[in-house]
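Novice: Pasting a structure below so you can have a look.
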Amino acid sequence: MKKVISILVVLQVVFLILGYGVGTFLGTADHAEKISSSNNEDSHGSATVSDNHSGDSADHNGEADKKPIVVKLGQMLIPVYKPRSVSYVVINLGISVDNLDTAEHYNIGENGVRLRDAIFASLKKTADGRAMRGAVIDTENISKSITEGVQQKFAGINDVLFLDFYKKDIARS
């Protein structure tokens, strides 16, 4: 009986190590992606993503063909407290910048965290107000107000994007 238990424990440790190794090997991703700017795109990341990072667009028409670069900042969970329920808003954040140098600057850990903290503080203030308490949340208006606040503190940011935006209401018991 002790042999079976020890074998099960050893197998769990081995599979844990293998899973971690495979996850670190497969988990590397490029965080700076270009999006195509078109007239029918909204400011919340519904544009198509292209993997072209070679800078070929500068060869065609110079500044006219320059496309913004989206830097993914990660996911945030914002609780919005209401009298009879709590709404949890899950947001995948991104910012749009003009050049790769600025994108690389915000991909550095401490710079990205400072930016995320500023955005989180703005979102928390918005959650305490009326903008996130209704049945429908105006994400475009929230994005514009957060962009204005962030642009004052951080250089090179064109827009704060909500790449994904989910809301779930949970009743209080």
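A note on labels: chains of the structure tokens are A, B, ... as shown, every chain counts residues from 1, and ligands are counted from 1 in their shown order.
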Can you write out as CSV which residues of segment 62-102 of chain A fall within 12 Å of segment 147-155 of chain A, alongside each residue's closest atom pair and its distance in Å to one decimal, counting only C-alpha atoms and ordering rows by chain and ascending residue number?

Specialist:
```
residue,atom,partner,partner_atom,distance
A:Leu93,CA,A:Thr147,CA,11.9
A:Gly94,CA,A:Thr147,CA,11.2
A:Ile95,CA,A:Thr147,CA,9.1
A:Ser96,CA,A:Thr147,CA,10.3
A:Val97,CA,A:Ala155,CA,9.6
A:Asp98,CA,A:Ala155,CA,11.0
A:Asn99,CA,A:Ala155,CA,12.0
A:Asp101,CA,A:Ala155,CA,11.8
A:Thr102,CA,A:Ala155,CA,8.5
```

Novice: Tell me, as a PyMOL selection string, which residues lie within 9 Å of segment 170-173 of chain A, counting only C-alpha atoms; anything in the same chain fewer than 6 positions away does not count.

Specialist: chain A and resi 83-88

Novice: Within 9 Å of segment 112-125 of chain A, counting only C-alpha atoms, which residues show up once you throw out same-chain ones fewer than 2 positions away? Write them as a list in words, please.

Specialist: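 The contact residues come out as Leu73, Gly74, Met76, Ile78, Pro79, Val80, Leu93, His105, Tyr106, Asn107, Ile108, Gly109, Glu110, Ala127, Asp128, Gly129, Ile142, Ser145, Ile146, Thr147, Gly149, Val150, Lys153, Phe154 and Val160 of chain A.
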
Novice: Rounded to one decimal in Å, what is the spacing between atom CA of Lys72 of chain A and atom CA of Lys168 of chain A?

Specialist: 22.7 Å

Novice: In Å, how far is it from atom CA of Ile7 of chain A to atom CA of Gly19 of chain A?

Specialist: 18.1 Å

Novice: With only C-alpha atoms as the atoms that count, which of A:Ile157, A:Asn111, A:Ser143, A:Leu26 lies nearest to Ala131 of chain A?

Specialist: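 Counting only C-alpha atoms, the residue closest to Ala131 of chain A is A:Ser143.
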
Novice: Report, in Å to a single decimal, how far apart atom CA of Ile91 of chain A and atom CA of Asn141 of chain A are.

Specialist: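 Between atom CA of Asn141 of chain A and atom CA of Ile91 of chain A the gap works out to 14.9 Å.
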